[in-house]
$ cat run_25.pdb   # PDB, C-alpha atoms
ATOM      1  CA  MET A  85       0.000   0.000   0.000
ATOM      2  CA  SER A  86       1.539   3.239  -1.037
ATOM      3  CA  LEU A  87       0.357   6.759  -0.491
ATOM      4  CA  LEU A  88       1.637   8.155  -3.740
ATOM      5  CA  PHE A  89      -1.402   9.646  -5.332
ATOM      6  CA  ALA A  90      -1.602  10.500  -8.988
ATOM      7  CA  ASP A  91      -4.435  13.002  -8.677
ATOM      8  CA  PRO A  92      -4.163  15.553  -5.884
ATOM      9  CA  PHE A  93      -7.933  16.073  -5.862
ATOM     10  CA  ASP A  94      -8.441  12.426  -5.135
ATOM     11  CA  ALA A  95      -5.625  12.187  -2.617
ATOM     12  CA  LEU A  96      -7.662  12.944   0.479
ATOM     13  CA  PHE A  97     -10.549  10.750  -0.649
ATOM     14  CA  GLN A  98      -8.277   7.779  -1.203
ATOM     15  CA  PHE A  99      -6.524   8.413   2.086
ATOM     16  CA  GLN A 100      -9.852   8.495   3.921
ATOM     17  CA  GLN A 101     -10.861   5.210   2.328
ATOM     18  CA  THR A 102      -7.558   3.599   3.261
ATOM     19  CA  LEU A 103      -7.943   4.741   6.856
ATOM     20  CA  ASP A 104     -11.527   3.484   6.948
ATOM     21  CA  GLN A 105     -10.501   0.028   5.801
ATOM     22  CA  LEU A 106      -7.967  -0.180   8.578
ATOM     23  CA  ARG A 107     -10.332   0.847  11.322
ATOM     24  CA  ALA A 108     -11.295  -2.803  11.593
ATOM     25  CA  SER A 109      -7.660  -3.908  11.860
ATOM     26  CA  ARG A 110      -6.398  -5.545  15.044
ATOM     27  CA  TRP A 111      -2.818  -4.388  14.971
ATOM     28  CA  LEU A 112      -2.625  -2.969  18.470
ATOM     29  CA  GLU A 113      -5.459  -5.006  19.889
ATOM     30  CA  ALA A 114      -3.261  -7.258  22.029
ATOM     31  CA  GLY A 115      -1.955  -4.268  23.975
ATOM     32  CA  PRO A 116      -3.408  -2.871  27.166
ATOM     33  CA  SER A 117      -5.197  -0.124  25.250
ATOM     34  CA  GLY A 118      -8.939  -0.343  25.314
ATOM     35  CA  GLY A 119     -11.231   0.664  22.504
ATOM     36  CA  GLY A 120     -12.449   4.214  22.737
ATOM     37  CA  ALA A 121      -9.501   5.297  24.862
ATOM     38  CA  TYR A 122      -8.444   8.911  24.451
ATOM     39  CA  PRO A 123      -6.571  10.115  22.501
ATOM     40  CA  PRO A 124      -7.476   8.195  19.350
ATOM     41  CA  LEU A 125      -4.354   6.937  17.620
ATOM     42  CA  ASN A 126      -3.404   6.396  14.027
ATOM     43  CA  VAL A 127      -0.301   4.325  13.503
ATOM     44  CA  PHE A 128       1.808   4.640  10.394
ATOM     45  CA  ARG A 129       4.933   2.996   9.124
ATOM     46  CA  LYS A 130       7.683   4.945   7.417
ATOM     47  CA  GLY A 131      10.574   2.802   6.364
ATOM     48  CA  HIS A 132      11.557   0.827   9.454
ATOM     49  CA  ASP A 133      10.072   3.323  11.859
ATOM     50  CA  VAL A 134       6.625   3.605  13.348
ATOM     51  CA  ILE A 135       4.855   6.956  13.650
ATOM     52  CA  ILE A 136       1.943   7.383  16.014
ATOM     53  CA  VAL A 137      -0.281  10.334  15.173
ATOM     54  CA  THR A 138      -3.030  11.545  17.460
ATOM     55  CA  GLU A 139      -5.419  14.482  17.582
ATOM     56  CA  VAL A 140      -5.230  16.476  20.794
ATOM     57  CA  PRO A 141      -6.786  19.849  19.966
ATOM     58  CA  GLY A 142      -6.673  22.272  22.853
ATOM     59  CA  VAL A 143      -4.075  20.341  24.809
ATOM     60  CA  ARG A 144      -0.976  22.376  25.522
ATOM     61  CA  LYS A 145       2.446  20.871  24.907
ATOM     62  CA  ALA A 146       3.269  21.295  28.589
ATOM     63  CA  ASP A 147       0.198  19.261  29.564
ATOM     64  CA  ILE A 148       1.247  16.127  27.696
ATOM     65  CA  SER A 149       3.646  13.560  29.059
ATOM     66  CA  ILE A 150       5.065  10.755  26.973
ATOM     67  CA  GLU A 151       6.938   7.846  28.524
ATOM     68  CA  ALA A 152       8.521   4.849  26.887
ATOM     69  CA  LYS A 153       9.724   1.617  28.388
ATOM     70  CA  GLY A 154      10.643  -1.417  26.352
ATOM     71  CA  ASP A 155       7.985  -1.757  23.702
ATOM     72  CA  THR A 156       5.336   0.147  25.650
ATOM     73  CA  LEU A 157       4.506   3.795  25.165
ATOM     74  CA  ARG A 158       2.401   5.828  27.542
ATOM     75  CA  ILE A 159       0.639   9.050  26.592
ATOM     76  CA  ALA A 160      -0.976  10.973  29.427
ATOM     77  CA  GLY A 161      -2.191  14.487  29.990
ATOM     78  CA  THR A 162      -4.976  16.885  30.704
ATOM     79  CA  LYS A 163      -7.286  18.683  28.342
ATOM     80  CA  THR A 164      -8.965  21.835  29.480
ATOM     81  CA  THR A 165     -11.730  23.673  27.699
ATOM     82  CA  GLY A 166     -14.369  26.131  28.597
ATOM     83  CA  PRO A 167     -15.009  29.753  29.245
ATOM     84  CA  GLU A 168     -13.172  29.680  32.573
ATOM     85  CA  GLU A 169      -9.898  30.195  30.733
ATOM     86  CA  ALA A 170     -10.892  32.433  27.864
ATOM     87  CA  ALA A 171     -13.635  34.597  29.262
ATOM     88  CA  PRO A 172     -14.396  36.362  32.489
ATOM     89  CA  GLN A 173     -16.950  35.160  34.967
ATOM     90  CA  GLY A 174     -20.555  35.625  34.089
ATOM     91  CA  SER A 175     -20.458  34.360  30.528
ATOM     92  CA  SER A 176     -23.355  32.189  29.475
ATOM     93  CA  ILE A 177     -22.936  28.960  27.576
ATOM     94  CA  HIS A 178     -24.910  28.485  24.368
ATOM     95  CA  ARG A 179     -23.398  25.287  23.153
ATOM     96  CA  ARG A 180     -20.983  22.840  24.702
ATOM     97  CA  GLU A 181     -19.644  20.016  22.582
ATOM     98  CA  ARG A 182     -15.977  19.940  23.515
ATOM     99  CA  ARG A 183     -14.967  17.708  26.381
ATOM    100  CA  SER A 184     -12.270  18.091  28.949
ATOM    101  CA  GLY A 185     -10.595  15.825  31.440
ATOM    102  CA  HIS A 186      -7.591  13.608  32.011
ATOM    103  CA  PHE A 187      -6.281  10.988  29.681
ATOM    104  CA  ASP A 188      -3.794   8.221  30.219
ATOM    105  CA  ARG A 189      -3.183   5.622  27.622
ATOM    106  CA  ALA A 190      -0.553   2.960  27.102
ATOM    107  CA  VAL A 191       0.101   1.050  23.914
ATOM    108  CA  THR A 192       2.328  -1.919  23.379
ATOM    109  CA  LEU A 193       3.950  -2.074  19.994
ATOM    110  CA  PRO A 194       4.543  -5.313  18.153
ATOM    111  CA  ILE A 195       8.115  -4.222  17.389
ATOM    112  CA  GLU A 196      11.016  -3.197  19.599
ATOM    113  CA  ILE A 197      11.702   0.498  19.644
ATOM    114  CA  ASP A 198      14.827   2.460  20.420
ATOM    115  CA  ALA A 199      13.643   4.441  23.447
ATOM    116  CA  GLU A 200      16.611   6.807  23.226
ATOM    117  CA  LYS A 201      15.700   8.037  19.767
ATOM    118  CA  ILE A 202      11.968   8.635  20.195
ATOM    119  CA  ARG A 203      10.996  12.063  18.948
ATOM    120  CA  ALA A 204       7.660  13.781  19.547
ATOM    121  CA  GLU A 205       6.254  16.937  18.053
ATOM    122  CA  CYS A 206       3.011  18.708  18.725
ATOM    123  CA  ARG A 207       1.677  21.265  16.273
ATOM    124  CA  ASP A 208      -1.815  22.609  15.567
ATOM    125  CA  GLY A 209      -3.402  20.056  17.874
ATOM    126  CA  ILE A 210      -1.699  17.060  16.281
ATOM    127  CA  LEU A 211       0.786  15.042  18.302
ATOM    128  CA  ALA A 212       3.173  12.914  16.261
ATOM    129  CA  ILE A 213       5.534  10.462  17.927
ATOM    130  CA  HIS A 214       8.342   9.021  15.838
ATOM    131  CA  LEU A 215       9.406   5.637  17.132
ATOM    132  CA  PRO A 216      12.557   4.303  15.496
ATOM    133  CA  ARG A 217      12.741   0.538  15.355
ATOM    134  CA  ALA A 218      15.574  -0.835  17.452
ATOM    135  CA  GLU A 219      18.620  -1.651  15.355
ATOM    136  CA  HIS A 220      18.748  -5.263  16.587
ATOM    137  CA  ASP A 221      15.079  -5.745  15.785
ATOM    138  CA  LYS A 222      15.362  -4.735  12.138
ATOM    139  CA  PRO A 223      15.106  -7.535   9.630
ATOM    140  CA  ARG A 224      18.450  -8.582   8.264
ATOM    141  CA  ALA A 225      18.957  -9.265   4.611
ATOM    142  CA  ILE A 226      20.443 -12.706   4.074
ATOM    143  CA  PRO A 227      22.622 -12.981   1.016
ATOM    144  CA  ILE A 228      22.244 -16.211  -0.876
ATOM    145  CA  ALA A 229      25.610 -17.835  -1.181
TER     146      ALA A 229
ATOM    147  CA  MET B  60     -13.358  22.766  33.124
ATOM    148  CA  THR B  61     -10.623  21.408  35.325
ATOM    149  CA  ASP B  62     -12.371  18.403  36.748
ATOM    150  CA  ALA B  63     -11.124  14.883  37.237
ATOM    151  CA  ARG B  64     -13.261  13.300  34.554
ATOM    152  CA  SER B  65     -11.421  11.025  32.215
ATOM    153  CA  LEU B  66     -11.682  11.772  28.543
ATOM    154  CA  GLU B  67     -13.466   9.629  26.041
ATOM    155  CA  VAL B  68     -13.140   9.666  22.303
ATOM    156  CA  GLN B  69     -15.819  11.618  20.500
ATOM    157  CA  GLU B  70     -16.578  10.058  17.149
ATOM    158  CA  LYS B  71     -16.135  12.656  14.430
ATOM    159  CA  LYS B  72     -19.382  13.771  12.885
ATOM    160  CA  GLU B  73     -19.491  13.875   9.135
ATOM    161  CA  LEU B  74     -20.768  17.062   7.564
ATOM    162  CA  VAL B  75     -24.155  16.712   5.912
ATOM    163  CA  SER B  76     -24.403  19.703   3.626
ATOM    164  CA  LYS B  77     -27.406  21.021   1.791
ATOM    165  CA  GLY B  78     -25.541  21.346  -1.454
ATOM    166  CA  GLU B  79     -23.603  18.404  -2.714
ATOM    167  CA  LYS B  80     -19.849  18.679  -2.649
ATOM    168  CA  THR B  81     -17.984  18.671  -5.911
ATOM    169  CA  VAL B  82     -15.029  16.862  -4.380
ATOM    170  CA  PRO B  83     -15.335  13.272  -3.205
ATOM    171  CA  ALA B  84     -13.461  13.809   0.073
ATOM    172  CA  ARG B  85     -15.413  13.833   3.325
ATOM    173  CA  TYR B  86     -15.774  16.865   5.527
ATOM    174  CA  TYR B  87     -16.210  16.778   9.271
ATOM    175  CA  VAL B  88     -18.089  19.061  11.627
ATOM    176  CA  PRO B  89     -15.674  20.548  14.155
ATOM    177  CA  THR B  90     -16.792  20.144  17.779
ATOM    178  CA  THR B  91     -17.695  23.607  18.971
ATOM    179  CA  ASP B  92     -18.353  25.515  22.173
ATOM    180  CA  ILE B  93     -20.261  28.766  21.999
ATOM    181  CA  TYR B  94     -20.522  31.141  24.901
ATOM    182  CA  GLU B  95     -21.524  34.694  25.380
ATOM    183  CA  THR B  96     -19.785  37.374  27.369
ATOM    184  CA  ALA B  97     -20.943  40.905  28.060
ATOM    185  CA  ASP B  98     -19.680  42.311  24.772
ATOM    186  CA  ALA B  99     -19.048  39.350  22.484
ATOM    187  CA  LEU B 100     -20.039  35.896  21.396
ATOM    188  CA  LYS B 101     -17.186  33.394  21.429
ATOM    189  CA  VAL B 102     -17.151  30.422  19.085
ATOM    190  CA  VAL B 103     -14.458  27.890  19.962
ATOM    191  CA  MET B 104     -13.950  25.075  17.478
ATOM    192  CA  GLU B 105     -11.525  22.169  17.329
ATOM    193  CA  VAL B 106      -9.708  21.884  14.018
ATOM    194  CA  PRO B 107      -6.708  19.622  14.682
ATOM    195  CA  GLY B 108      -4.095  19.531  11.933
ATOM    196  CA  VAL B 109      -5.125  22.768  10.277
ATOM    197  CA  ALA B 110      -2.566  25.502   9.690
ATOM    198  CA  ARG B 111      -3.368  29.182  10.076
ATOM    199  CA  ASP B 112      -3.417  29.880   6.328
ATOM    200  CA  ALA B 113      -5.733  26.963   5.541
ATOM    201  CA  ILE B 114      -8.725  28.458   7.312
ATOM    202  CA  ASP B 115     -11.429  30.435   5.495
ATOM    203  CA  ILE B 116     -13.875  32.460   7.521
ATOM    204  CA  LYS B 117     -16.648  34.137   5.560
ATOM    205  CA  VAL B 118     -19.712  36.141   6.456
ATOM    206  CA  GLU B 119     -22.369  36.053   3.768
ATOM    207  CA  ASP B 120     -26.076  36.777   4.094
ATOM    208  CA  ASP B 121     -26.130  36.464   7.876
ATOM    209  CA  THR B 122     -24.246  33.178   7.717
ATOM    210  CA  LEU B 123     -20.828  32.692   9.216
ATOM    211  CA  ARG B 124     -19.051  29.943   7.389
ATOM    212  CA  VAL B 125     -15.799  28.396   8.540
ATOM    213  CA  GLU B 126     -13.845  26.041   6.368
ATOM    214  CA  ALA B 127     -10.574  24.550   7.598
ATOM    215  CA  ARG B 128      -8.471  22.320   5.435
ATOM    216  CA  ILE B 129      -5.880  19.828   6.596
ATOM    217  CA  ASP B 130      -2.641  19.172   4.746
ATOM    218  CA  THR B 131      -2.469  15.592   3.501
ATOM    219  CA  ALA B 132       1.062  16.130   2.187
ATOM    220  CA  LYS B 133       2.276  15.518   5.752
ATOM    221  CA  TYR B 134       1.220  11.903   5.380
ATOM    222  CA  ASP B 135       3.263  11.334   2.222
ATOM    223  CA  GLY B 136       5.335   8.197   2.316
ATOM    224  CA  MET B 137       3.554   6.926   5.413
ATOM    225  CA  GLU B 138       1.779   3.622   5.278
ATOM    226  CA  PRO B 139      -1.143   3.296   7.692
ATOM    227  CA  LEU B 140      -0.998   0.212   9.899
ATOM    228  CA  TYR B 141      -3.744   0.840  12.395
ATOM    229  CA  THR B 142      -6.310   3.613  12.652
ATOM    230  CA  GLU B 143      -8.820   4.788  15.201
ATOM    231  CA  TYR B 144      -9.945   8.014  13.571
ATOM    232  CA  ASN B 145     -10.300   9.351  10.096
ATOM    233  CA  VAL B 146      -8.997  12.637   8.823
ATOM    234  CA  GLY B 147     -10.631  15.241   6.652
ATOM    235  CA  HIS B 148     -11.305  18.899   6.156
ATOM    236  CA  PHE B 149     -13.625  20.699   8.535
ATOM    237  CA  ALA B 150     -16.581  22.923   7.707
ATOM    238  CA  ARG B 151     -19.390  24.442   9.688
ATOM    239  CA  SER B 152     -21.860  27.304   9.269
ATOM    240  CA  PHE B 153     -23.689  29.395  11.810
ATOM    241  CA  SER B 154     -26.560  31.820  11.368
ATOM    242  CA  LEU B 155     -25.778  35.191  12.860
ATOM    243  CA  SER B 156     -28.393  37.167  14.707
ATOM    244  CA  HIS B 157     -28.705  40.922  14.196
ATOM    245  CA  HIS B 158     -26.945  41.395  17.536
ATOM    246  CA  ILE B 159     -23.601  40.545  15.960
ATOM    247  CA  ASP B 160     -21.497  43.334  14.516
ATOM    248  CA  ARG B 161     -20.323  42.014  11.108
ATOM    249  CA  GLN B 162     -17.301  44.310  11.213
ATOM    250  CA  ARG B 163     -16.015  43.107  14.559
ATOM    251  CA  ILE B 164     -15.187  39.458  14.016
ATOM    252  CA  ALA B 165     -11.759  38.337  15.173
ATOM    253  CA  ALA B 166     -10.122  34.919  14.956
ATOM    254  CA  ALA B 167      -7.243  33.225  16.743
ATOM    255  CA  LEU B 168      -5.727  29.774  16.326
ATOM    256  CA  GLU B 169      -3.891  27.935  19.078
ATOM    257  CA  ASP B 170      -3.059  24.246  19.490
ATOM    258  CA  GLY B 171      -5.611  23.263  16.851
ATOM    259  CA  VAL B 172      -8.381  25.292  18.450
ATOM    260  CA  LEU B 173      -9.917  28.164  16.495
ATOM    261  CA  THR B 174     -11.506  30.887  18.576
ATOM    262  CA  LEU B 175     -13.799  33.382  16.874
ATOM    263  CA  THR B 176     -14.783  36.475  18.789
ATOM    264  CA  LEU B 177     -17.958  37.982  17.389
ATOM    265  CA  GLY B 178     -18.456  41.473  18.746
ATOM    266  CA  LYS B 179     -22.001  42.478  19.614
ATOM    267  CA  VAL B 180     -23.460  45.643  18.155
ATOM    268  CA  GLN B 181     -23.340  48.503  20.620
ATOM    269  CA  GLN B 182     -27.122  48.690  21.059
ATOM    270  CA  ALA B 183     -27.264  45.036  22.021
ATOM    271  CA  GLU B 184     -24.910  45.486  24.942
ATOM    272  CA  PRO B 185     -26.720  45.713  28.255
ATOM    273  CA  ARG B 186     -27.269  49.332  29.294
ATOM    274  CA  ARG B 187     -28.527  50.591  32.567
ATOM    275  CA  ILE B 188     -31.174  53.304  32.283
ATOM    276  CA  GLU B 189     -31.011  55.904  34.958
ATOM    277  CA  ILE B 190     -34.310  57.227  36.261
ATOM    278  CA  GLN B 191     -34.370  60.987  36.095
TER     279      GLN B 191
END
$ encode --input "run_25.pdb" --output "structure tokens"
Amino acid sequence: MSLLFADPFDALFQFQQTLDQLRASRWLEAGPSGGGAYPPLNVFRKGHDVIIVTEVPGVRKADISIEAKGDTLRIAGTKTTGPEEAAPQGSSIHRRERRSGHFDRAVTLPIEIDAEKIRAECRDGILAIHLPRAEHDKPRAIPIA
Amino acid sequence: MTDARSLEVQEKKELVSKGEKTVPARYYVPTTDIYETADALKVVMEVPGVARDAIDIKVEDDTLRVEARIDTAKYDGMEPLYTEYNVGHFARSFSLSHHIDRQRIAAALEDGVLTLTLGKVQQAEPRRIEIQ
């Protein structure tokens, strides 16, 4: 499966369909993560490395903690919303759809990762965690003698 | 709200528009909070993955329309293995009442959250009438 799209107008549509097909996949199912746990994760592969992408709109960088041990990754934090921060007292609420609270989620990856080289970036409400596969876990090419 | 509730995933709601889209891609409705202060109406919407320059805010015929587009180029060369949410552009429209001053609409984007501040027209602001 490659994400090289010929037609840029179709690119998003095809991407959405690919993601939809995988929503039934059981790749992380064996881990301690339950269904419906926040934040929702999308897992991608790029070369040997695994990239976990998650949507955390409204969560500040400082409010997220990421820990790695062995093949397990933990993402925890707090999301705050609401007029308490942005507006003075006495504002009335017309509509409230956004939710706030704590989240704590651990995922176990089916590959070994190099904990020293994990890199995370958070921009525009998207948290991306780059997990390089451990050197000793990479498949080795066997030359045929 | 800084309470101890634990967060649950909110399934993204697909946009059902009156007019049919000319592009096949799906749009989502951004989750939105709306609250009113003494001099403005605040619309706070979640648009994760949208950059500042990919947001269109338009006021036409008493309708405030927000369209926020994500950048799929960031996913180039990445092969999805497991997914729990889908991605797509965001769009949502709101009808404006005559209390909103069309000229005083401000927008700010932070951590994937777009905050629109819709100023109220001066007459609509509460005014205390002194008895002579």
$ atom_distance --input "run_25.pdb" --atom1 "CA of Thr96 (chain B)" --atom2 "CA of Pro185 (chain B)"
10.9 Å
$ interface_residues --input "run_25.pdb" --of "chain B" --to "chain A" --cutoff "8 Å" --atoms "all atoms listed in the file" --output "number ranges by chain"
B: 60-68, 82-85, 90-97, 105-110, 131, 134-147, 169-172
$ resolve_selection --input "run_25.pdb" --expression "the PyMOL selection byres ((chain B and resi 113-129) around 10)" --output "PDB file with C-alpha atoms, in the frame of the given file"
ATOM      1  CA  LEU A  96      -7.662  12.944   0.479  1.00  0.00           C
TER       2      LEU A  96
ATOM      3  CA  TYR B  86     -15.774  16.865   5.527  1.00  0.00           C
ATOM      4  CA  TYR B  87     -16.210  16.778   9.271  1.00  0.00           C
ATOM      5  CA  VAL B  88     -18.089  19.061  11.627  1.00  0.00           C
ATOM      6  CA  PRO B  89     -15.674  20.548  14.155  1.00  0.00           C
ATOM      7  CA  MET B 104     -13.950  25.075  17.478  1.00  0.00           C
ATOM      8  CA  VAL B 106      -9.708  21.884  14.018  1.00  0.00           C
ATOM      9  CA  PRO B 107      -6.708  19.622  14.682  1.00  0.00           C
ATOM     10  CA  GLY B 108      -4.095  19.531  11.933  1.00  0.00           C
ATOM     11  CA  VAL B 109      -5.125  22.768  10.277  1.00  0.00           C
ATOM     12  CA  ALA B 110      -2.566  25.502   9.690  1.00  0.00           C
ATOM     13  CA  ARG B 111      -3.368  29.182  10.076  1.00  0.00           C
ATOM     14  CA  ASP B 112      -3.417  29.880   6.328  1.00  0.00           C
ATOM     15  CA  ASP B 130      -2.641  19.172   4.746  1.00  0.00           C
ATOM     16  CA  THR B 131      -2.469  15.592   3.501  1.00  0.00           C
ATOM     17  CA  ALA B 132       1.062  16.130   2.187  1.00  0.00           C
ATOM     18  CA  LYS B 133       2.276  15.518   5.752  1.00  0.00           C
ATOM     19  CA  VAL B 146      -8.997  12.637   8.823  1.00  0.00           C
ATOM     20  CA  GLY B 147     -10.631  15.241   6.652  1.00  0.00           C
ATOM     21  CA  HIS B 148     -11.305  18.899   6.156  1.00  0.00           C
ATOM     22  CA  PHE B 149     -13.625  20.699   8.535  1.00  0.00           C
ATOM     23  CA  ALA B 150     -16.581  22.923   7.707  1.00  0.00           C
ATOM     24  CA  ARG B 151     -19.390  24.442   9.688  1.00  0.00           C
ATOM     25  CA  SER B 152     -21.860  27.304   9.269  1.00  0.00           C
ATOM     26  CA  PHE B 153     -23.689  29.395  11.810  1.00  0.00           C
ATOM     27  CA  SER B 154     -26.560  31.820  11.368  1.00  0.00           C
ATOM     28  CA  LEU B 155     -25.778  35.191  12.860  1.00  0.00           C
ATOM     29  CA  SER B 156     -28.393  37.167  14.707  1.00  0.00           C
ATOM     30  CA  HIS B 157     -28.705  40.922  14.196  1.00  0.00           C
ATOM     31  CA  ILE B 159     -23.601  40.545  15.960  1.00  0.00           C
ATOM     32  CA  ARG B 161     -20.323  42.014  11.108  1.00  0.00           C
ATOM     33  CA  GLN B 162     -17.301  44.310  11.213  1.00  0.00           C
ATOM     34  CA  ILE B 164     -15.187  39.458  14.016  1.00  0.00           C
ATOM     35  CA  ALA B 165     -11.759  38.337  15.173  1.00  0.00           C
ATOM     36  CA  ALA B 166     -10.122  34.919  14.956  1.00  0.00           C
ATOM     37  CA  LEU B 168      -5.727  29.774  16.326  1.00  0.00           C
ATOM     38  CA  LEU B 173      -9.917  28.164  16.495  1.00  0.00           C
ATOM     39  CA  LEU B 175     -13.799  33.382  16.874  1.00  0.00           C
TER      40      LEU B 175
END
$ atom_distance --input "run_25.pdb" --atom1 "CA of Ala218 (chain A)" --atom2 "CA of Val191 (chain A)"
16.9 Å
$ residues_around --input "run_25.pdb" --residues "Arg163 (chain B)" --least-positions-apart "4" --cutoff "9 Å" --atoms "only C-alpha atoms" --output "PyMOL selection string"
chain B and resi 159+176-180
$ atom_distance --input "run_25.pdb" --atom1 "CA of Glu219 (chain A)" --atom2 "CA of Asp198 (chain A)"
7.5 Å
$ resolve_selection --input "run_25.pdb" --expression "the PyMOL selection byres ((chain A and resi 201) around 12)" --output "list of chain:residue names"
A:Asp133, A:Val134, A:Ala152, A:Ile197, A:Asp198, A:Ala199, A:Glu200, A:Ile202, A:Arg203, A:Ala204, A:Ile213, A:His214, A:Leu215, A:Pro216, A:Arg217, A:Ala218, A:Glu219
$ decode --input "run_25.pdb" --residues "region 110-117 of chain B" --atoms "all heavy atoms" --output "JSON list (two decimals), in the first residue's frame"
[["chain", "number", "residue", "atom", "x", "y", "z"],
["B", 110, "ALA", "N", -3.48, 24.37, 9.54],
["B", 110, "ALA", "CA", -2.57, 25.50, 9.69],
["B", 110, "ALA", "C", -3.35, 26.80, 9.54],
["B", 110, "ALA", "O", -4.43, 26.83, 8.97],
["B", 110, "ALA", "CB", -1.45, 25.42, 8.65],
["B", 111, "ARG", "N", -2.74, 27.86, 10.07],
["B", 111, "ARG", "CA", -3.37, 29.18, 10.08],
["B", 111, "ARG", "C", -3.87, 29.61, 8.69],
["B", 111, "ARG", "O", -4.97, 30.14, 8.54],
["B", 111, "ARG", "CB", -2.32, 30.18, 10.56],
["B", 111, "ARG", "CG", -2.80, 31.55, 10.88],
["B", 111, "ARG", "CD", -1.62, 32.35, 11.40],
["B", 111, "ARG", "NE", -1.11, 31.77, 12.64],
["B", 111, "ARG", "CZ", -1.47, 32.20, 13.85],
["B", 111, "ARG", "NH1", -2.30, 33.19, 13.97],
["B", 111, "ARG", "NH2", -0.98, 31.64, 14.93],
["B", 112, "ASP", "N", -3.05, 29.38, 7.66],
["B", 112, "ASP", "CA", -3.42, 29.88, 6.33],
["B", 112, "ASP", "C", -4.39, 28.97, 5.59],
["B", 112, "ASP", "O", -4.76, 29.25, 4.45],
["B", 112, "ASP", "CB", -2.16, 30.13, 5.49],
["B", 112, "ASP", "CG", -1.24, 28.92, 5.45],
["B", 112, "ASP", "OD1", -1.61, 27.88, 6.04],
["B", 112, "ASP", "OD2", -0.16, 29.00, 4.86],
["B", 113, "ALA", "N", -4.80, 27.88, 6.22],
["B", 113, "ALA", "CA", -5.73, 26.96, 5.54],
["B", 113, "ALA", "C", -7.15, 27.11, 6.09],
["B", 113, "ALA", "O", -7.97, 26.22, 5.94],
["B", 113, "ALA", "CB", -5.25, 25.52, 5.70],
["B", 114, "ILE", "N", -7.40, 28.23, 6.75],
["B", 114, "ILE", "CA", -8.73, 28.46, 7.31],
["B", 114, "ILE", "C", -9.40, 29.61, 6.57],
["B", 114, "ILE", "O", -8.79, 30.66, 6.36],
["B", 114, "ILE", "CB", -8.64, 28.79, 8.82],
["B", 114, "ILE", "CG1", -8.00, 27.63, 9.58],
["B", 114, "ILE", "CG2", -10.03, 29.09, 9.39],
["B", 114, "ILE", "CD1", -7.79, 27.88, 11.05],
["B", 115, "ASP", "N", -10.64, 29.39, 6.15],
["B", 115, "ASP", "CA", -11.43, 30.44, 5.50],
["B", 115, "ASP", "C", -12.60, 30.78, 6.39],
["B", 115, "ASP", "O", -13.37, 29.89, 6.76],
["B", 115, "ASP", "CB", -11.99, 29.93, 4.16],
["B", 115, "ASP", "CG", -10.99, 30.12, 3.03],
["B", 115, "ASP", "OD1", -10.12, 30.99, 3.17],
["B", 115, "ASP", "OD2", -11.09, 29.39, 2.03],
["B", 116, "ILE", "N", -12.73, 32.03, 6.73],
["B", 116, "ILE", "CA", -13.88, 32.46, 7.52],
["B", 116, "ILE", "C", -14.62, 33.50, 6.69],
["B", 116, "ILE", "O", -14.03, 34.50, 6.28],
["B", 116, "ILE", "CB", -13.42, 33.05, 8.87],
["B", 116, "ILE", "CG1", -12.57, 32.03, 9.63],
["B", 116, "ILE", "CG2", -14.62, 33.47, 9.71],
["B", 116, "ILE", "CD1", -11.68, 32.62, 10.69],
["B", 117, "LYS", "N", -15.88, 33.23, 6.42],
["B", 117, "LYS", "CA", -16.65, 34.14, 5.56],
["B", 117, "LYS", "C", -17.96, 34.50, 6.21],
["B", 117, "LYS", "O", -18.58, 33.66, 6.86],
["B", 117, "LYS", "CB", -16.96, 33.46, 4.22],
["B", 117, "LYS", "CG", -15.80, 33.42, 3.26],
["B", 117, "LYS", "CD", -16.22, 32.75, 1.98],
["B", 117, "LYS", "CE", -15.02, 32.20, 1.23],
["B", 117, "LYS", "NZ", -15.40, 31.07, 0.38]]
